[in-house]
Amino acid sequence: MPPSYRSRTYAGTTIYSSANLTQSQISARQGAVGKELPVFSGAVEEWPMFIRMFERSTELCGFSEAENLLRLQRALIGEAKESVGHLLLLPDGLNEVMETLEVQFGRPDQIIEATVEKVRRMPAPNPGCLRSLAKFGFSVRNMCATIEALKLPEYAYDVALLRELVSKLPSEAALDWARYKRQLRFVSLSEFGHWISQLARDASDAIVDPPSRNANEQRIIDDASAAPLTPNDILLGSSDGSKPPIWYSDTSDAVRSMWRSSQLIADVFWKKWVSEYLPTLARRTKWFKPARPIQEGDVVIVVDECLPRNCWPKGRVVSVVRAKDGQVRQAVVRTQKGFYKRPATKLAVLDVRGGKTEVDFSPGETV
């Protein structure tokens with residue numbers, strides 16, 4: 001446990017009131033800056049900024065203990081608010097509230113670990129993209145500045161982390177770092193942070209923004225650059241099978257947020273499935289080349305845009321209706337809910353004919 005991380009006294013011995021406020025504090029209260037705290041949900045990496053804003057605004061505006069408790073009630077949400085609970089209602093509970101928050105979310109080792117993990121999850125800069133190099137460089141500099149400010153030497157001289165960061169650099173940048181560190185007496189993350197900060201500034205200065213495009217052109221570019229649907233997206237959840245680490249929280253707000261995210265992901269997958277894979281099942285190529293017509297015994301999905309996601313019925317064709325030209329125009333499908341007569345364009349044939357594949361339509365089976 002890092003030492004002295006609970007050494008602050010947040011209420012202090014000075015109890016501000018309207019009678020002993022200075023002129024500068026009265027002026028600060030009349031302005032718009034500093035009255036409200038930033039929202040804090042319990043994210044460890046946000047704690048340094050939150051506590052700095054709390055202390056600075058209290059000093060500038062001369063907020064009393066009761067006023068600070070009211071500000072905290074408005075600023076805390078999610079896990080942070082749940083951790084202090086009814087302490088916010090105690091008239092003399094400011095010190096205990098802030099100490100509890102700092103124990104859970106403000107330990108220096110916690111803050112550094114969260115910042116380091118955030119940088120580790122960043123992709124390596126694209127050698128041909130100065131913007132990605134600048135973004136990576138400023139993120140690393142922010143991490144190194146956090147380590148410097150919290151003064152934990154075991155992180156400042158983490159050789160393994162330094163090697164990991166250097167390995168992400170493009171080859172030319174890695175060579176520049178190798179030349180630069182020869183001039184140093186001691187190599188540390190602090191020195192690396194200062195060096196990569198200058199590299200990021202140089203990359204930012206060299207970025208040339210492309211000419212602006214209108215909304216239609218941008219939409220076309222965005223649609224063309226959308227990643228295609230692959231089998232890995234279905235089986236593994238992403239095109240390369242990777243699953244980024246997540247911080248799990250069982251609070252009610254977090255559970256609702258995760259549920260909404262899962263529904264959104266399922267909706268995106270369903271739209272891609274309908275737009276990219278379904279057309280390959282319901283083929284409309286009769287005017288260009290012969291296609292196998294729907295036959296009795298085919299297993300099909302009955303397309304119905306009125307039904308919600310994952311509720312299209314599946315069945316087997318029991319009879320077909322042909323037009324005068326011999327083409328199949330309609331088919332009667334047996335499902336677990338009964339028989340349906342549908343146009344051929346609303347039936348997507350599944351590739352389960354032939355071999356020894358058997359399809360059993362058990363009650364409740366839909367697609």
# chains A, B, ... in the order shown; residues from 1 in each chain; ligands from 1
$ residues_around --residues "segment 184-187 of chain A" --least-positions-apart "3" --cutoff "10 Å" --atoms "only C-alpha atoms" --output "VMD selection string"
chain A and resid 156 to 157 159 162 179 to 181 190 to 192
$ write_last_selection --atoms "all heavy atoms" --output "short mmCIF file (atom, residue, chain, number, x, y, z; two decimals), in the first residue's frame"
data_model
loop_
_atom_site.label_atom_id
_atom_site.label_comp_id
_atom_site.auth_asym_id
_atom_site.auth_seq_id
_atom_site.Cartn_x
_atom_site.Cartn_y
_atom_site.Cartn_z
N ALA A 156 8.58 4.16 -12.30
CA ALA A 156 9.40 5.07 -13.11
C ALA A 156 10.55 4.33 -13.79
O ALA A 156 11.03 4.78 -14.85
CB ALA A 156 9.93 6.20 -12.24
N TYR A 157 10.99 3.22 -13.23
CA TYR A 157 12.11 2.47 -13.80
C TYR A 157 11.69 1.05 -14.20
O TYR A 157 12.44 0.09 -14.04
CB TYR A 157 13.28 2.42 -12.80
CG TYR A 157 13.88 3.77 -12.54
CD1 TYR A 157 13.45 4.54 -11.46
CD2 TYR A 157 14.85 4.30 -13.38
CE1 TYR A 157 13.97 5.80 -11.22
CE2 TYR A 157 15.39 5.55 -13.14
CZ TYR A 157 14.95 6.31 -12.07
OH TYR A 157 15.48 7.55 -11.84
N VAL A 159 11.59 -1.46 -16.59
CA VAL A 159 12.30 -1.74 -17.84
C VAL A 159 11.42 -2.52 -18.81
O VAL A 159 11.41 -2.26 -20.02
CB VAL A 159 13.60 -2.52 -17.54
CG1 VAL A 159 14.31 -2.87 -18.84
CG2 VAL A 159 14.52 -1.70 -16.64
N LEU A 162 8.98 -0.19 -20.48
CA LEU A 162 9.67 0.67 -21.43
C LEU A 162 9.96 -0.09 -22.73
O LEU A 162 9.75 0.44 -23.83
CB LEU A 162 10.97 1.20 -20.82
CG LEU A 162 11.82 2.11 -21.71
CD1 LEU A 162 11.02 3.32 -22.16
CD2 LEU A 162 13.08 2.55 -20.97
N ARG A 179 19.19 6.36 -30.51
CA ARG A 179 20.24 7.38 -30.56
C ARG A 179 20.12 8.34 -29.39
O ARG A 179 21.12 8.78 -28.81
CB ARG A 179 20.14 8.15 -31.88
CG ARG A 179 20.33 7.29 -33.13
CD ARG A 179 20.40 8.16 -34.38
NE ARG A 179 20.36 7.36 -35.59
CZ ARG A 179 19.28 7.19 -36.34
NH1 ARG A 179 18.14 7.77 -36.00
NH2 ARG A 179 19.32 6.44 -37.43
N TYR A 180 18.86 8.69 -29.04
CA TYR A 180 18.63 9.67 -27.98
C TYR A 180 19.07 9.13 -26.61
O TYR A 180 19.68 9.85 -25.81
CB TYR A 180 17.15 10.05 -27.95
CG TYR A 180 16.78 11.00 -26.84
CD1 TYR A 180 17.00 12.37 -26.97
CD2 TYR A 180 16.19 10.53 -25.66
CE1 TYR A 180 16.65 13.25 -25.94
CE2 TYR A 180 15.84 11.40 -24.64
CZ TYR A 180 16.07 12.75 -24.78
OH TYR A 180 15.74 13.61 -23.77
N LYS A 181 18.78 7.87 -26.33
CA LYS A 181 19.06 7.35 -24.99
C LYS A 181 20.55 7.16 -24.73
O LYS A 181 20.97 7.04 -23.58
CB LYS A 181 18.30 6.04 -24.75
CG LYS A 181 18.83 4.84 -25.51
CD LYS A 181 18.04 3.59 -25.13
CE LYS A 181 18.59 2.36 -25.81
NZ LYS A 181 17.85 1.13 -25.43
N SER A 190 10.35 8.52 -17.40
CA SER A 190 10.23 9.97 -17.45
C SER A 190 10.96 10.54 -18.65
O SER A 190 10.42 11.38 -19.39
CB SER A 190 10.78 10.58 -16.16
OG SER A 190 10.75 11.99 -16.22
N GLU A 191 12.19 10.08 -18.89
CA GLU A 191 12.95 10.54 -20.05
C GLU A 191 12.27 10.11 -21.35
O GLU A 191 12.21 10.87 -22.32
CB GLU A 191 14.38 9.99 -19.99
CG GLU A 191 15.21 10.53 -18.85
CD GLU A 191 15.53 12.02 -19.02
OE1 GLU A 191 15.33 12.54 -20.13
OE2 GLU A 191 15.94 12.64 -18.03
N PHE A 192 11.78 8.89 -21.36
CA PHE A 192 11.07 8.42 -22.56
C PHE A 192 9.82 9.26 -22.81
O PHE A 192 9.48 9.58 -23.96
CB PHE A 192 10.69 6.95 -22.39
CG PHE A 192 9.98 6.37 -23.58
CD1 PHE A 192 10.68 6.06 -24.75
CD2 PHE A 192 8.62 6.13 -23.53
CE1 PHE A 192 10.01 5.52 -25.85
CE2 PHE A 192 7.95 5.59 -24.63
CZ PHE A 192 8.65 5.28 -25.79
#
$ residues_around --residues "Ala66 of chain A" --least-positions-apart "6" --cutoff "9 Å" --atoms "only C-alpha atoms" --output "list of chain:residue names"
A:Pro91, A:Asp92, A:Leu94
$ write_last_selection --atoms "all heavy atoms" --output "compact mmCIF listing (two decimals), in the first residue's frame"
# COMPACT_ATOMS: atom_id res chain seq x y z
N PRO A 91 -24.09 15.76 8.20
CA PRO A 91 -23.64 17.16 8.12
C PRO A 91 -22.13 17.32 8.30
O PRO A 91 -21.55 18.28 7.80
CB PRO A 91 -24.42 17.84 9.25
CG PRO A 91 -24.81 16.74 10.18
CD PRO A 91 -25.02 15.53 9.33
N ASP A 92 -21.48 16.38 9.02
CA ASP A 92 -20.03 16.47 9.23
C ASP A 92 -19.32 15.28 8.58
O ASP A 92 -18.28 14.83 9.05
CB ASP A 92 -19.71 16.51 10.72
CG ASP A 92 -20.29 15.31 11.47
OD1 ASP A 92 -21.09 14.57 10.85
OD2 ASP A 92 -19.92 15.10 12.64
N LEU A 94 -17.95 15.07 5.46
CA LEU A 94 -17.12 15.34 4.28
C LEU A 94 -15.80 14.58 4.32
O LEU A 94 -15.39 13.96 3.33
CB LEU A 94 -16.86 16.84 4.16
CG LEU A 94 -16.00 17.26 2.96
CD1 LEU A 94 -16.67 16.87 1.66
CD2 LEU A 94 -15.71 18.76 2.99
$ residues_around --residues "Met122 of chain A" --least-positions-apart "6" --cutoff "12 Å" --atoms "only C-alpha atoms" --output "list in words"
Thr115, Val116, Ser132, Leu133, Lys135, Phe136, Gly137, Phe138, Ser139, Val140, Glu164, Leu165, Lys168, Leu169, Pro244 and Pro245 of chain A
$ write_last_selection --atoms "C-alpha atoms" --output "short mmCIF file (atom, residue, chain, number, x, y, z; two decimals), in the first residue's frame"
data_model
loop_
_atom_site.label_atom_id
_atom_site.label_comp_id
_atom_site.auth_asym_id
_atom_site.auth_seq_id
_atom_site.Cartn_x
_atom_site.Cartn_y
_atom_site.Cartn_z
CA THR A 115 -3.25 4.44 -16.92
CA VAL A 116 -0.62 1.89 -17.94
CA SER A 132 -1.84 7.70 -34.93
CA LEU A 133 1.79 8.34 -33.90
CA LYS A 135 -2.11 10.08 -30.44
CA PHE A 136 0.08 7.27 -29.11
CA GLY A 137 2.85 9.69 -28.13
CA PHE A 138 0.59 12.02 -26.15
CA SER A 139 -1.04 9.07 -24.38
CA VAL A 140 2.37 7.72 -23.34
CA GLU A 164 7.04 -2.86 -24.55
CA LEU A 165 6.36 0.77 -25.45
CA LYS A 168 5.23 -0.48 -30.61
CA LEU A 169 7.07 2.39 -32.28
CA PRO A 244 -10.57 -6.62 -25.42
CA PRO A 245 -10.42 -6.83 -21.62
#
